[in-house]
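The file final04.cif contains mmCIF, C-alpha atoms:
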data_upload
#
loop_
_atom_site.label_atom_id
_atom_site.label_comp_id
_atom_site.auth_asym_id
_atom_site.auth_seq_id
_atom_site.Cartn_x
_atom_site.Cartn_y
_atom_site.Cartn_z
CA MET A 1 0.00 0.00 0.00
CA GLN A 2 1.24 3.50 -0.89
CA MET A 3 2.61 5.33 2.12
CA ARG A 4 0.98 8.66 2.81
CA LEU A 5 2.92 11.88 3.32
CA LEU A 6 2.39 13.70 6.62
CA ILE A 7 3.82 17.13 7.44
CA TYR A 8 4.02 18.53 10.94
CA THR A 9 3.95 22.26 11.53
CA PRO A 10 3.37 23.93 14.93
CA THR A 11 1.01 26.51 13.40
CA LEU A 12 -1.02 26.24 10.23
CA THR A 13 -1.21 29.58 8.42
CA PRO A 14 -2.47 30.38 4.90
CA ARG A 15 1.16 30.86 3.84
CA VAL A 16 2.24 27.48 5.19
CA GLN A 17 -0.70 25.76 3.52
CA TYR A 18 -0.05 27.50 0.20
CA ALA A 19 3.72 26.88 0.08
CA TRP A 20 3.32 23.16 0.69
CA GLU A 21 0.37 22.96 -1.74
CA VAL A 22 2.43 24.39 -4.59
CA LEU A 23 5.55 22.44 -3.72
CA LEU A 24 3.91 19.03 -3.32
CA ARG A 25 0.58 19.06 -5.13
CA TYR A 26 1.52 21.21 -8.14
CA VAL A 27 5.26 20.63 -8.60
CA LEU A 28 5.70 17.05 -7.34
CA LYS A 29 2.11 15.98 -8.15
CA THR A 30 1.61 14.16 -4.86
CA ASP A 31 -0.97 14.24 -2.09
CA PHE A 32 -0.16 15.09 1.52
CA GLU A 33 -1.61 16.04 4.90
CA LEU A 34 -0.65 18.84 7.26
CA THR A 35 -1.07 18.48 11.00
CA THR A 36 -0.42 20.66 14.03
CA ASP A 37 -0.95 17.74 16.41
CA LEU A 38 2.51 16.56 17.46
CA GLU A 39 1.25 13.37 19.12
CA THR A 40 -0.62 12.32 15.98
CA TYR A 41 2.48 13.07 13.94
CA LEU A 42 4.80 11.03 16.19
CA ARG A 43 2.44 8.02 16.31
CA SER A 44 1.90 7.93 12.56
CA ASP A 45 3.67 5.39 10.36
CA ALA A 46 3.47 7.78 7.38
CA CYS A 47 6.32 9.27 5.43
CA LYS A 48 7.10 12.31 7.59
CA ILE A 49 8.31 15.86 7.05
CA ASN A 50 8.89 17.99 10.12
CA TYR A 51 8.55 21.73 9.45
CA SER A 52 9.32 23.30 12.81
CA ASN A 53 12.33 24.51 14.83
CA GLU A 54 13.68 21.17 16.11
CA ARG A 55 13.98 17.55 15.03
CA ARG A 56 11.22 15.29 16.42
CA ASN A 57 12.08 11.87 14.97
CA PRO A 58 15.33 10.31 13.70
CA SER A 59 13.78 9.03 10.46
CA GLU A 60 11.83 12.13 9.47
CA VAL A 61 12.87 14.73 6.89
CA PHE A 62 13.57 17.81 8.97
CA ILE A 63 13.16 21.19 7.29
CA PRO A 64 13.72 24.08 9.73
CA ALA A 65 11.05 26.79 9.86
CA GLY A 66 11.84 30.47 9.93
CA LYS A 67 9.45 33.40 10.44
CA LEU A 68 8.17 34.31 6.99
CA LEU A 69 5.31 31.81 6.70
CA PHE A 70 4.12 32.47 10.25
CA GLU A 71 3.78 36.23 9.90
CA SER A 72 1.41 38.42 7.93
CA GLY A 73 1.93 41.71 6.19
CA ILE A 74 4.61 42.74 3.73
CA ARG A 75 8.00 44.06 4.77
CA PRO A 76 11.54 44.02 3.35
CA GLN A 77 13.16 40.63 3.94
CA GLN A 78 16.81 39.95 4.73
CA ILE A 79 18.02 37.86 1.79
CA ASP A 80 21.52 36.43 2.19
CA LEU A 81 22.22 34.04 -0.64
CA PHE A 82 24.45 31.01 -0.17
CA ARG A 83 24.85 27.71 -1.99
CA VAL A 84 23.95 24.17 -0.99
CA GLU A 85 25.02 21.36 -3.30
CA GLN A 86 25.68 24.00 -5.98
CA LEU A 87 22.14 25.39 -5.85
CA PRO A 88 21.30 28.92 -4.62
CA ALA A 89 19.45 29.08 -1.29
CA PHE A 90 18.38 31.72 1.23
CA PHE A 91 16.53 32.03 4.56
CA GLN A 92 19.33 30.06 6.24
CA GLN A 93 18.47 28.42 9.59
CA SER A 94 20.74 27.36 12.43
CA ALA A 95 18.79 24.37 13.80
CA GLN A 96 20.68 21.12 14.42
CA GLU A 97 20.53 17.89 12.35
CA VAL A 98 18.67 19.50 9.46
CA ASP A 99 18.10 17.92 6.05
CA PHE A 100 17.91 21.38 4.48
CA PRO A 101 19.97 24.16 6.11
CA PHE A 102 17.41 26.77 5.10
CA ASP A 103 13.68 27.40 5.25
CA PHE A 104 12.77 25.71 1.97
CA PRO A 105 8.99 26.47 1.98
CA SER A 106 9.74 30.14 2.70
CA LEU A 107 12.11 30.28 -0.27
CA VAL A 108 9.33 28.80 -2.43
CA PHE A 109 6.75 31.23 -1.06
CA TYR A 110 8.95 34.30 -1.49
CA LEU A 111 9.68 33.48 -5.13
CA ILE A 112 6.28 32.32 -6.39
CA SER A 113 4.20 34.89 -4.50
CA ARG A 114 6.42 37.55 -6.13
CA TYR A 115 6.87 39.04 -2.67
CA GLU A 116 9.51 41.47 -3.95
CA GLU A 117 7.03 42.94 -6.44
CA TYR A 118 4.89 44.21 -3.56
CA LEU A 119 7.83 46.17 -2.15
CA PRO A 120 8.91 49.59 -3.51
CA TYR A 121 10.85 49.40 -6.79
CA GLU A 122 11.76 51.60 -9.74
CA ARG A 123 9.40 50.87 -12.61
CA ASP A 124 10.48 50.66 -16.24
CA VAL A 125 9.22 52.99 -18.97
CA HIS A 126 5.92 51.06 -19.17
CA GLY A 127 5.43 50.92 -15.41
CA ARG A 128 6.49 47.27 -15.11
CA PHE A 129 8.60 45.50 -12.53
CA PRO A 130 11.92 45.19 -14.39
CA ALA A 131 13.89 41.96 -14.59
CA ARG A 132 17.02 43.68 -13.30
CA ALA A 133 15.25 44.54 -10.04
CA SER A 134 14.56 40.89 -9.29
CA LEU A 135 16.52 38.83 -6.78
CA ALA A 136 16.91 36.08 -9.39
CA TYR A 137 18.59 38.43 -11.86
CA ARG A 138 20.82 40.11 -9.28
CA GLU A 139 21.98 36.78 -7.85
CA GLY A 140 22.36 35.02 -11.19
CA PHE A 141 19.66 32.35 -11.05
CA LEU A 142 17.03 33.90 -13.37
CA GLN A 143 17.74 31.24 -16.00
CA GLN A 144 17.05 28.42 -13.49
CA PRO A 145 13.72 26.91 -12.35
CA LEU A 146 15.05 27.04 -8.79
CA VAL A 147 11.79 25.96 -7.11
CA ASN A 148 11.62 22.84 -9.28
CA GLN A 149 15.31 22.13 -8.79
CA TRP A 150 14.95 22.14 -5.00
CA ALA A 151 11.72 20.15 -5.28
CA CYS A 152 13.66 17.44 -7.13
CA ARG A 153 16.17 17.36 -4.27
CA LEU A 154 13.29 16.90 -1.82
CA ARG A 155 11.87 14.13 -3.97
CA GLU A 156 15.21 12.29 -3.97
CA LEU A 157 15.53 12.66 -0.20
CA LEU A 158 12.02 11.38 0.51
CA GLU A 159 12.41 8.31 -1.69
CA ALA A 160 15.82 7.53 -0.17
CA ARG A 161 14.65 8.01 3.43
CA PHE A 162 11.40 6.04 2.98
CA PRO A 163 11.98 3.06 0.65
CA GLY A 164 8.26 2.24 0.48
CA PHE A 165 7.38 5.75 -0.65
CA THR A 166 7.36 6.69 -4.33
CA LEU A 167 6.21 9.90 -5.96
CA PRO A 168 4.39 10.10 -9.31
CA LYS A 169 6.52 10.28 -12.43
CA LEU A 170 6.72 13.83 -13.77
CA THR A 171 6.42 14.68 -17.47
CA TYR A 172 8.05 17.51 -19.40
CA ARG A 173 5.71 19.63 -21.52
CA PHE A 174 6.18 22.22 -24.26
CA GLN A 175 3.52 24.94 -24.50
CA PRO A 176 3.88 27.32 -27.47
CA THR A 177 1.76 30.48 -27.33
CA TYR A 178 1.14 33.36 -29.75
CA ASP A 179 0.09 36.97 -29.30
CA VAL A 180 -1.94 38.31 -32.21
CA ASP A 181 -1.44 42.06 -31.88
CA MET A 182 -2.02 42.65 -35.61
CA ALA A 183 -3.29 39.79 -37.71
CA TRP A 184 -2.49 41.70 -40.92
CA ALA A 185 0.19 44.25 -41.67
CA TYR A 186 -1.75 46.06 -44.41
CA HIS A 187 -5.11 44.44 -45.06
CA TYR A 188 -8.30 45.66 -43.36
CA LYS A 189 -6.70 48.82 -41.96
CA GLY A 190 -8.35 51.24 -44.37
CA TRP A 191 -6.76 53.64 -46.81
CA VAL A 192 -6.06 56.36 -44.24
CA ARG A 193 -3.82 54.12 -42.12
CA ASN A 194 -2.18 52.59 -45.17
CA ILE A 195 -1.40 55.93 -46.80
CA SER A 196 -0.07 57.25 -43.48
CA GLY A 197 2.10 54.14 -43.18
CA ALA A 198 3.40 54.60 -46.71
CA PHE A 199 4.40 58.18 -45.91
CA ARG A 200 6.24 57.02 -42.78
CA ASP A 201 8.10 54.43 -44.84
CA PHE A 202 8.95 57.11 -47.41
CA PHE A 203 10.48 59.47 -44.86
CA LYS A 204 12.43 56.56 -43.32
CA GLY A 205 13.71 55.56 -46.73
CA ASN A 206 11.94 52.16 -46.62
CA PHE A 207 11.07 52.18 -50.32
CA GLN A 208 10.90 48.39 -50.63
CA ASP A 209 8.27 48.33 -47.88
CA ILE A 210 6.18 50.87 -49.81
CA ILE A 211 6.30 48.69 -52.91
CA HIS A 212 5.47 45.60 -50.83
CA ARG A 213 2.54 47.35 -49.16
CA PHE A 214 0.86 48.18 -52.47
CA ARG A 215 1.63 44.74 -53.91
CA VAL A 216 -0.23 43.23 -50.95
CA LEU A 217 -3.13 45.67 -51.19
CA SER A 218 -3.48 44.98 -54.92
CA GLY A 219 -3.62 41.24 -54.28
CA VAL A 220 -0.29 40.40 -55.94
CA ALA A 221 1.50 39.40 -52.70
CA GLU A 222 0.48 37.79 -49.39
CA ASP A 223 0.15 39.98 -46.31
CA PRO A 224 3.42 39.46 -44.37
CA PHE A 225 1.77 39.21 -40.93
CA TYR A 226 -0.75 36.58 -42.03
CA SER A 227 1.41 33.62 -41.00
CA PHE A 228 -1.42 31.39 -39.78
CA PRO A 229 -1.36 28.83 -42.63
CA TYR A 230 2.39 28.39 -42.09
CA LEU A 231 1.87 27.96 -38.34
CA GLU A 232 -0.91 25.44 -38.86
CA GLN A 233 1.39 23.35 -41.03
CA LEU A 234 4.14 23.53 -38.39
CA HIS A 235 1.72 22.56 -35.61
CA ARG A 236 0.50 19.53 -37.54
CA GLN A 237 4.04 18.47 -38.42
CA LEU A 238 5.23 18.58 -34.79
CA ASN A 239 1.90 17.77 -33.11
CA LEU A 240 1.84 21.09 -31.23
CA LYS A 241 -1.11 22.37 -29.21
CA PRO A 242 -0.60 26.16 -29.07
CA ILE A 243 -2.64 28.87 -27.39
CA PHE A 244 -3.49 32.11 -29.24
CA PHE A 245 -4.18 35.44 -27.51
CA PHE A 246 -6.07 38.11 -29.45
CA LEU A 247 -5.82 41.86 -28.93
CA LEU A 248 -9.33 43.33 -29.20
CA GLY A 249 -8.81 46.76 -27.65
CA ASP A 250 -9.53 50.17 -29.11
CA TYR A 251 -6.96 51.70 -31.45
CA GLY A 252 -4.17 53.64 -29.69
CA ASN A 253 -0.45 54.35 -29.63
CA PHE A 254 0.38 50.85 -28.36
CA ASP A 255 -2.74 49.05 -29.61
CA LYS A 256 -2.49 49.13 -33.40
CA ASN A 257 -4.89 46.30 -33.94
CA ILE A 258 -7.48 45.60 -36.61
CA SER A 259 -10.98 46.62 -35.50
CA PRO A 260 -12.66 43.81 -33.54
CA ARG A 261 -15.74 44.47 -35.68
CA GLN A 262 -13.83 43.54 -38.86
CA PRO A 263 -15.47 40.37 -40.29
CA ALA A 264 -12.12 38.99 -41.49
CA LEU A 265 -10.67 39.16 -37.97
CA ARG A 266 -13.77 37.59 -36.48
CA GLU A 267 -13.57 34.77 -39.01
CA LEU A 268 -9.88 34.22 -38.23
CA ILE A 269 -10.71 33.96 -34.52
CA HIS A 270 -13.46 31.45 -35.34
CA GLN A 271 -11.08 29.33 -37.42
CA ILE A 272 -8.38 29.20 -34.74
CA HIS A 273 -10.90 28.71 -31.92
CA ARG A 274 -12.20 25.58 -33.67
CA ARG A 275 -8.72 24.01 -33.47
CA TYR A 276 -6.90 25.50 -30.49
CA PRO A 277 -7.46 27.17 -27.13
CA ILE A 278 -7.57 30.96 -27.33
CA GLY A 279 -7.55 33.82 -24.85
CA ILE A 280 -7.83 37.58 -24.53
CA HIS A 281 -4.80 39.86 -24.86
CA PRO A 282 -5.88 42.86 -22.72
CA SER A 283 -4.80 46.07 -24.42
CA TYR A 284 -2.23 48.60 -23.24
CA GLN A 285 -5.10 51.04 -22.63
CA SER A 286 -6.87 48.54 -20.38
CA ASP A 287 -4.04 48.64 -17.82
CA GLY A 288 -5.65 49.69 -14.56
CA GLN A 289 -9.05 50.02 -16.26
CA PRO A 290 -11.24 47.09 -15.17
CA ALA A 291 -14.21 48.28 -17.23
CA GLN A 292 -12.09 48.26 -20.41
CA ILE A 293 -10.83 44.74 -19.68
CA ARG A 294 -14.42 43.60 -19.25
CA ARG A 295 -15.35 45.17 -22.61
CA GLU A 296 -12.53 43.38 -24.38
CA VAL A 297 -13.34 40.05 -22.73
CA GLN A 298 -16.98 40.53 -23.76
CA ARG A 299 -15.91 41.18 -27.37
CA LEU A 300 -14.07 37.85 -27.53
CA LYS A 301 -16.94 36.08 -25.81
CA GLU A 302 -19.40 37.43 -28.39
CA ILE A 303 -17.19 36.28 -31.27
CA THR A 304 -16.55 32.74 -29.95
CA GLU A 305 -19.84 32.30 -28.06
CA ASP A 306 -17.78 30.64 -25.34
CA PRO A 307 -16.54 31.77 -21.91
CA VAL A 308 -13.17 33.53 -21.94
CA VAL A 309 -10.92 31.98 -19.30
CA ARG A 310 -7.35 32.65 -20.56
CA SER A 311 -5.48 35.92 -20.66
CA ARG A 312 -2.07 37.49 -21.27
CA GLN A 313 -1.38 41.18 -20.78
CA HIS A 314 -0.30 43.20 -23.83
CA PHE A 315 3.25 44.50 -23.25
CA LEU A 316 3.27 42.10 -20.25
CA LEU A 317 1.72 44.87 -18.15
CA LEU A 318 1.47 43.04 -14.84
CA ARG A 319 1.06 44.93 -11.58
CA LEU A 320 0.49 42.92 -8.43
CA PRO A 321 -2.05 42.50 -7.02
CA GLN A 322 -4.21 44.84 -9.12
CA THR A 323 -3.91 43.11 -12.52
CA TYR A 324 -4.71 39.65 -11.23
CA ARG A 325 -7.64 40.90 -9.17
CA GLU A 326 -9.05 42.63 -12.25
CA LEU A 327 -8.70 39.46 -14.32
CA LEU A 328 -10.41 37.37 -11.66
CA GLY A 329 -13.24 39.89 -11.70
CA THR A 330 -13.86 39.19 -15.39
CA GLY A 331 -13.96 35.40 -15.02
CA ILE A 332 -10.39 34.71 -16.14
CA THR A 333 -9.04 31.54 -14.52
CA SER A 334 -5.61 31.23 -16.24
CA ASP A 335 -3.05 33.97 -16.88
CA TYR A 336 0.06 33.62 -19.06
CA THR A 337 1.89 36.89 -18.29
CA MET A 338 4.43 35.63 -15.72
CA GLY A 339 7.74 36.37 -17.39
CA PHE A 340 9.95 39.34 -18.22
CA ALA A 341 10.03 41.47 -21.38
CA ALA A 342 13.69 42.46 -21.18
CA GLU A 343 15.18 39.11 -20.10
CA THR A 344 14.60 35.43 -20.68
CA GLY A 345 14.20 33.07 -17.75
CA PHE A 346 11.95 32.12 -14.87
CA ARG A 347 10.39 35.25 -13.32
CA ALA A 348 8.90 33.28 -10.42
CA SER A 349 11.75 30.72 -10.47
CA ILE A 350 9.28 27.96 -11.33
CA ALA A 351 8.51 25.91 -14.46
CA THR A 352 5.09 24.69 -13.34
CA PRO A 353 1.63 26.33 -13.48
CA TYR A 354 0.48 27.25 -9.98
CA PRO A 355 -2.34 29.15 -8.23
CA TRP A 356 -1.82 32.83 -7.48
CA TYR A 357 -1.54 33.95 -3.85
CA ASP A 358 -2.91 37.43 -3.10
CA LEU A 359 -0.27 38.61 -0.67
CA GLU A 360 -2.21 41.66 0.51
CA LYS A 361 -5.30 39.60 1.30
CA GLU A 362 -3.23 36.63 2.55
CA GLN A 363 -5.20 34.07 0.59
CA ALA A 364 -4.71 31.63 -2.28
CA THR A 365 -6.96 32.29 -5.27
CA SER A 366 -8.48 30.32 -8.14
CA LEU A 367 -6.33 32.09 -10.76
CA MET A 368 -3.74 29.76 -12.27
CA VAL A 369 -0.42 31.37 -13.21
CA HIS A 370 1.25 29.86 -16.29
CA PRO A 371 4.87 31.09 -16.50
CA PHE A 372 6.70 31.52 -19.80
CA GLN A 373 10.47 31.57 -20.28
CA VAL A 374 11.18 33.33 -23.57
CA MET A 375 9.62 35.84 -25.98
CA ASP A 376 10.67 36.63 -29.54
CA VAL A 377 10.90 40.39 -28.91
CA THR A 378 13.11 39.77 -25.88
CA LEU A 379 15.66 37.88 -27.95
CA LYS A 380 15.75 40.24 -30.94
CA ASN A 381 14.97 43.71 -29.60
CA TYR A 382 15.85 43.75 -25.90
CA LEU A 383 18.85 41.42 -25.81
CA ARG A 384 19.75 42.11 -29.47
CA PHE A 385 20.84 38.53 -30.01
CA GLN A 386 21.95 37.22 -33.34
CA PRO A 387 19.98 34.12 -34.41
CA GLU A 388 22.74 31.75 -33.24
CA GLU A 389 22.89 33.44 -29.82
CA ALA A 390 19.10 33.22 -29.49
CA VAL A 391 19.08 29.50 -30.26
CA ALA A 392 21.87 28.87 -27.75
CA ARG A 393 20.11 30.79 -24.94
CA VAL A 394 16.75 29.12 -25.57
CA GLY A 395 18.44 25.73 -25.76
CA GLN A 396 19.80 26.24 -22.25
CA LEU A 397 16.32 27.13 -20.97
CA ILE A 398 14.80 24.07 -22.61
CA GLU A 399 17.41 21.76 -21.08
CA ALA A 400 16.94 23.33 -17.63
CA THR A 401 13.18 22.75 -17.90
CA LYS A 402 13.53 19.19 -19.17
CA ALA A 403 15.90 18.38 -16.30
CA VAL A 404 13.08 19.03 -13.79
CA ASN A 405 10.25 17.76 -16.03
CA GLY A 406 8.61 21.16 -16.01
CA THR A 407 6.65 23.11 -18.62
CA PHE A 408 8.60 25.14 -21.18
CA SER A 409 6.56 27.94 -22.74
CA THR A 410 7.31 30.45 -25.49
CA ILE A 411 5.67 33.67 -26.67
CA TRP A 412 5.88 34.44 -30.36
CA HIS A 413 3.94 36.94 -32.46
CA ASN A 414 2.37 36.13 -35.82
CA SER A 415 4.13 39.26 -37.15
CA SER A 416 7.57 37.88 -36.24
CA PHE A 417 7.40 35.35 -39.07
CA SER A 418 7.50 38.16 -41.64
CA LYS A 419 10.60 39.87 -43.02
CA LEU A 420 9.45 43.33 -41.95
CA GLU A 421 11.30 45.24 -39.22
CA LYS A 422 14.43 43.12 -39.67
CA TRP A 423 12.79 39.81 -38.72
CA HIS A 424 14.79 38.06 -41.47
CA ALA A 425 15.94 34.59 -40.37
CA TRP A 426 13.76 34.52 -37.25
CA ARG A 427 11.26 32.12 -38.78
CA GLU A 428 14.14 29.64 -39.00
CA VAL A 429 15.10 30.45 -35.40
CA TYR A 430 11.59 29.55 -34.27
CA GLU A 431 11.61 26.27 -36.19
CA VAL A 432 14.88 25.26 -34.52
CA ILE A 433 13.50 26.22 -31.10
CA VAL A 434 10.25 24.26 -31.39
CA LYS A 435 12.09 21.21 -32.68
CA MET A 436 14.44 21.36 -29.67
CA ALA A 437 11.48 21.88 -27.36
CA THR A 438 9.51 18.93 -28.73
CA LYS A 439 12.44 16.54 -28.76
CA SER A 440 12.15 13.88 -26.04
CA HIS A 441 14.81 13.77 -23.34
#
File written out as structure tokens:
Amino acid sequence: MQMRLLIYTPTLTPRVQYAWEVLLRYVLKTDFELTTDLETYLRSDACKINYSNERRNPSEVFIPAGKLLFESGIRPQQIDLFRVEQLPAFFQQSAQEVDFPFDFPSLVFYLISRYEEYLPYERDVHGRFPARASLAYREGFLQQPLVNQWACRLRELLEARFPGFTLPKLTYRFQPTYDVDMAWAYHYKGWVRNISGAFRDFFKGNFQDIIHRFRVLSGVAEDPFYSFPYLEQLHRQLNLKPIFFFLLGDYGNFDKNISPRQPALRELIHQIHRRYPIGIHPSYQSDGQPAQIRREVQRLKEITEDPVVRSRQHFLLLRLPQTYRELLGTGITSDYTMGFAAETGFRASIATPYPWYDLEKEQATSLMVHPFQVMDVTLKNYLRFQPEEAVARVGQLIEATKAVNGTFSTIWHNSSFSKLEKWHAWREVYEVIVKMATKSH
């Protein structure tokens, strides 16, 4: 009979419950029980983890508890990084006979709750929490799924300490996603926008783009942003199950979309919705505007005639806790914004979807956070990588995710498969990436 997993903690708080839920139920895919009854814990013949300030049993796994999960409120934390078995760690504890010399659940909680994003920080030009302000970037572990890596160490320890205890086998997944900011470069924008665009190209000296624009509008050439037939062929070839996010906001400086009333766009959404999951891509203008988010969600709902449950913020405009509260208020149950615009890597140091914890309200929520690790614009525009550099960086992220059997997720834009705006060769980059990501390990 499968041994059960029992965890002792002197006090059960929402933070304690949440940290162990994510670590065991979501990352390691196993069931467990928490108890505050020491006598019950000591009498039990279960596989035991002791999360307190002293060892209680010679055979248990003893993880020393610090203060973070037993307090409430948000305050600056003392983070002193050190290494254990070559992995970064913090919240070091001085208890005797420990199996982990640090408060492991607190490390998990601090990283996945995005605790540091509730503290004062200098925002970037779009008002976002910048990658360079993160602990993971400053300490050099942004490219690692640190939570999963430590979870694997816990798994190994549990199975070695309790020979009759086995955890479920974990499976690596690849989740490609696409943001459809503009489904067409030239079509369905009207003559005013196209003539204005031609004038801009003229003054920039982009004469080939002017010729291409009018070739497309006259029906001689394909619209360069309309890459959906190519993507469908790639998905079928590699058996991919992507998710598409559609921008349906009002036209603005950062929302240069086709009108959501345009029949061609509505038909495109219908076609993709019949084959793949889709979600809303809340506009730049909707940031901090719950009523606007609701309007855009309603637009997608009217087109698909289905509930809208997935979302990713345009420009990755994520402010905690406001953005996630606003999404929950519209019925969104899964968000795919957790990642950085200016850097690749693991923003929350995890390669597993997990429920969001509202740190101000001190409660776990029903919103599932789906982290991503790399975006096309990050590689080309922010990091200014050459194609070979991009492939090498993404390859490292894929291998790090496969090593912990996590979920590797990419963001690409349909427009990035064109040759406009110096996207030459990036279609080939994407093909190499998805083939690496789908290759078994």
Tell me which protein, DNA and RNA residues are within 10 Å of Phe245 (chain A), counting all atoms listed in the file, leaving out same-chain ones fewer than 2 positions away, and put them as a list in words. Thr177, Tyr178, Asp179, Val180, Asp181, Ile243, Leu247, Leu248, Ile269, Pro277, Ile278, Gly279, Ile280, His281, Pro282, Arg310, Ser311, Arg312, Gln313, His314, Tyr336 and His413 of chain A
Could you write those residues out with C-alpha atoms, as a PDB file, in the coordinates of the input?
ATOM      1  CA  THR A 177       1.760  30.480 -27.330  1.00  0.00           C
ATOM      2  CA  TYR A 178       1.140  33.360 -29.750  1.00  0.00           C
ATOM      3  CA  ASP A 179       0.090  36.970 -29.300  1.00  0.00           C
ATOM      4  CA  VAL A 180      -1.940  38.310 -32.210  1.00  0.00           C
ATOM      5  CA  ASP A 181      -1.440  42.060 -31.880  1.00  0.00           C
ATOM      6  CA  ILE A 243      -2.640  28.870 -27.390  1.00  0.00           C
ATOM      7  CA  LEU A 247      -5.820  41.860 -28.930  1.00  0.00           C
ATOM      8  CA  LEU A 248      -9.330  43.330 -29.200  1.00  0.00           C
ATOM      9  CA  ILE A 269     -10.710  33.960 -34.520  1.00  0.00           C
ATOM     10  CA  PRO A 277      -7.460  27.170 -27.130  1.00  0.00           C
ATOM     11  CA  ILE A 278      -7.570  30.960 -27.330  1.00  0.00           C
ATOM     12  CA  GLY A 279      -7.550  33.820 -24.850  1.00  0.00           C
ATOM     13  CA  ILE A 280      -7.830  37.580 -24.530  1.00  0.00           C
ATOM     14  CA  HIS A 281      -4.800  39.860 -24.860  1.00  0.00           C
ATOM     15  CA  PRO A 282      -5.880  42.860 -22.720  1.00  0.00           C
ATOM     16  CA  ARG A 310      -7.350  32.650 -20.560  1.00  0.00           C
ATOM     17  CA  SER A 311      -5.480  35.920 -20.660  1.00  0.00           C
ATOM     18  CA  ARG A 312      -2.070  37.490 -21.270  1.00  0.00           C
ATOM     19  CA  GLN A 313      -1.380  41.180 -20.780  1.00  0.00           C
ATOM     20  CA  HIS A 314      -0.300  43.200 -23.830  1.00  0.00           C
ATOM     21  CA  TYR A 336       0.060  33.620 -19.060  1.00  0.00           C
ATOM     22  CA  HIS A 413       3.940  36.940 -32.460  1.00  0.00           C
TER      23      HIS A 413
END
Residues in the PyMOL selection byres ((chain A and resi 113) around 8), expressed as a list in words: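 Those residues are Phe109, Tyr110, Leu111, Ile112, Arg114, Tyr115, Ala348, Trp356, Tyr357, Asp358 and Leu359 of chain A.
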To one decimal in Å, tell me the separation between CA of Arg325 (chain A) and CA of Ser409 (chain A).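 A separation of 23.5 Å between them.
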Using the chain letters and numbers from this file, what does the PyMOL selection byres ((chain A and resi 72-84) around 9) select? Give the answer as a PyMOL selection string. chain A and resi 15+68-71+85-92+100-101+115-116+118-119+135+139+359-362
Name the residues captured by the PyMOL selection byres ((chain A and resi 251-261) around 7) when it is applied to the shown file; answer as JSON, numbers by chain. {"A": [181, 182, 188, 189, 247, 248, 249, 250, 262, 263, 265, 266, 283, 284]}
Kindly indicate which residue among A:Leu142, A:Leu158, A:Ile398, A:Val374 lies nearest to Glu60 (chain A), using only C-alpha atoms for the distances.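 Looking only at the distances to Glu60 (chain A), the closest residue turns out to be A:Leu158.
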Report, in Å with one decimal, the straight-line distance from CA of Phe32 (chain A) to CA of Lys48 (chain A).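 That distance, rounded to one decimal, is 9.9 Å.
Closest to Pro145 (chain A) among A:Arg347, A:Lys439, A:Lys29, A:Arg393 is A:Arg347, based on all atoms listed in the file.
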What is the distance between CA of Ala403 (chain A) and CA of Tyr26 (chain A), in Å to one decimal?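 Pair CA of Ala403 (chain A) / CA of Tyr26 (chain A) returns 16.8 Å.
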Which polymer residues have any atom within 12 Å of an atom of Ser440 (chain A), counting only C-alpha atoms, with same-chain residues fewer than 6 positions away left out, as a ChimeraX atom specification? /A:171-174,398-399,402-403,405,434
Of the residues A:Thr166, A:Gln17, A:Thr438, A:Gln149, which is the one nearest to Cys47 (chain A), using all atoms listed in the file?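 Among A:Thr166, A:Gln17, A:Thr438, A:Gln149, it is A:Thr166 that comes nearest to Cys47 (chain A).
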Fewer than 2 positions away in the same chain doesn't count, so skip those; otherwise give me all residues within 12 Å of Glu428 (chain A), counting all atoms listed in the file, as a PDB file with C-alpha atoms, keeping the file's coordinate frame.
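Output contents, as saved in around_3.pdb:
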ATOM      1  CA  LEU A 234       4.140  23.530 -38.390  1.00  0.00           C
ATOM      2  CA  PRO A 387      19.980  34.120 -34.410  1.00  0.00           C
ATOM      3  CA  GLU A 388      22.740  31.750 -33.240  1.00  0.00           C
ATOM      4  CA  ALA A 390      19.100  33.220 -29.490  1.00  0.00           C
ATOM      5  CA  VAL A 391      19.080  29.500 -30.260  1.00  0.00           C
ATOM      6  CA  SER A 416       7.570  37.880 -36.240  1.00  0.00           C
ATOM      7  CA  PHE A 417       7.400  35.350 -39.070  1.00  0.00           C
ATOM      8  CA  SER A 418       7.500  38.160 -41.640  1.00  0.00           C
ATOM      9  CA  LYS A 419      10.600  39.870 -43.020  1.00  0.00           C
ATOM     10  CA  TRP A 423      12.790  39.810 -38.720  1.00  0.00           C
ATOM     11  CA  HIS A 424      14.790  38.060 -41.470  1.00  0.00           C
ATOM     12  CA  ALA A 425      15.940  34.590 -40.370  1.00  0.00           C
ATOM     13  CA  TRP A 426      13.760  34.520 -37.250  1.00  0.00           C
ATOM     14  CA  TYR A 430      11.590  29.550 -34.270  1.00  0.00           C
ATOM     15  CA  GLU A 431      11.610  26.270 -36.190  1.00  0.00           C
ATOM     16  CA  VAL A 432      14.880  25.260 -34.520  1.00  0.00           C
ATOM     17  CA  ILE A 433      13.500  26.220 -31.100  1.00  0.00           C
ATOM     18  CA  VAL A 434      10.250  24.260 -31.390  1.00  0.00           C
ATOM     19  CA  LYS A 435      12.090  21.210 -32.680  1.00  0.00           C
TER      20      LYS A 435
END
Of the candidates A:Thr378, A:Gln144, A:Thr352, A:Ser227, which shows the shortest atom-to-atom distance to Ala185 (chain A), using only C-alpha atoms? A:Ser227
As a ChimeraX atom specification, please: the residues near region 42-46 of chain A (cut-off 12 Å, only C-alpha atoms, same-chain neighbours under 4 positions excluded). /A:1-8,32-38,50,55-61,158,161-165
